[in-house]
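See below for the structure under consideration.
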Amino acid sequence: MENIINVPRPLHEVHGERASLVDVILPHSLSILASIYLLMIPPGAAFGLLKSVFLFVLTYALIGGVIANFSEGTSRFYAESKSRRFKFIALHILQPTAMWYLFQDHQTVVLITSIYVVGAAIVVNQLKG
């Protein structure tokens, strides 16, 4: 039997209001491991302190978010409200901004990919109704 917990309010955007303990622990654990790993390989290993912090936070947010989005609690949280989904999409403009700063040699790729992903998310949100 899954251990369902009430998620603290500051984490509702990531895990929803209620989630299994595994659904809360797994995204954070894997995000930390992935973030550390990316700081150990190029280009992350060559970044200065500020860019390393940005890379760690960005990786943590992206990996954790992707994993959490597959959980029942997160899916339910966003399915209940169109405004939550729109806020979720709008928040993801920060991530391309960080990627733009980190990967200055690839800004065109970052821009095109970001426009596509955010645009696709807006279309899917409109189809969801």
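Going by the structure tokens order, chains are called A, B, ..., each with residues numbered from 1, while ligands are numbered from 1 in the order shown.
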
Might you pull out every residue within 10 Å of range 64-78 of chain A, with only C-alpha atoms counted and same-chain residues fewer than 2 positions away left off, and present them as JSON, numbers by chain? {"A": [4, 7, 12, 13, 14, 15, 16, 17, 18, 19, 20, 22, 23, 24, 25, 26, 27, 28, 29, 30, 31, 32, 34, 58, 59, 60, 61, 62, 80, 81, 82, 83, 84, 85, 86, 87, 88]}

Find the residues of range 21-47 of chain A that sit at most 12 Å from range 103-121 of chain A; for each, write down the nearest two atoms and how far apart they are in Å, to one decimal. Count only C-alpha atoms. Sort by chain, then by number going up, and give it as JSON lines.
```
{"residue": "A:Pro42", "atom": "CA", "partner": "A:Phe103", "partner_atom": "CA", "distance": 11.9}
{"residue": "A:Pro43", "atom": "CA", "partner": "A:Phe103", "partner_atom": "CA", "distance": 9.0}
{"residue": "A:Gly44", "atom": "CA", "partner": "A:Phe103", "partner_atom": "CA", "distance": 10.1}
{"residue": "A:Phe47", "atom": "CA", "partner": "A:Phe103", "partner_atom": "CA", "distance": 10.4}
```

Just give me the gap between CA of Ala98 in chain A and CA of Leu38 in chain A in Å, one decimal is fine. 15.1 Å

Using DSSP secondary structure from the backbone, list all helix (DSSP H, G or I) positions within chain A, as a PyMOL selection string. chain A and resi 9-15+21-40+44-46+49-68+72-79+82-91+94-102+104-128

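Those residues of chain A that DSSP, working from the backbone, places in strand (DSSP E or B) are Ile4, Ile5, Asn6, Arg18, Ala19 and Ser20 of chain A.
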
Across A:Ile41, A:Asn125, A:Tyr101, A:Ser35, the smallest distance to Ala79 in chain A, with only C-alpha atoms counted, is shown by A:Asn125

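Reported to one decimal place, the separation of CA of Phe54 in chain A from CA of Gln95 in chain A is 9.9 Å.
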
To one decimal place in Å, what is the distance between CA of Ile122 in chain A and CA of Leu91 in chain A? 12.3 Å

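Considering the residues A:Ile89, A:Pro96, A:Leu102, A:Gly48 and counting only C-alpha atoms, Val124 in chain A has its shortest atom-to-atom contact with A:Ile89.
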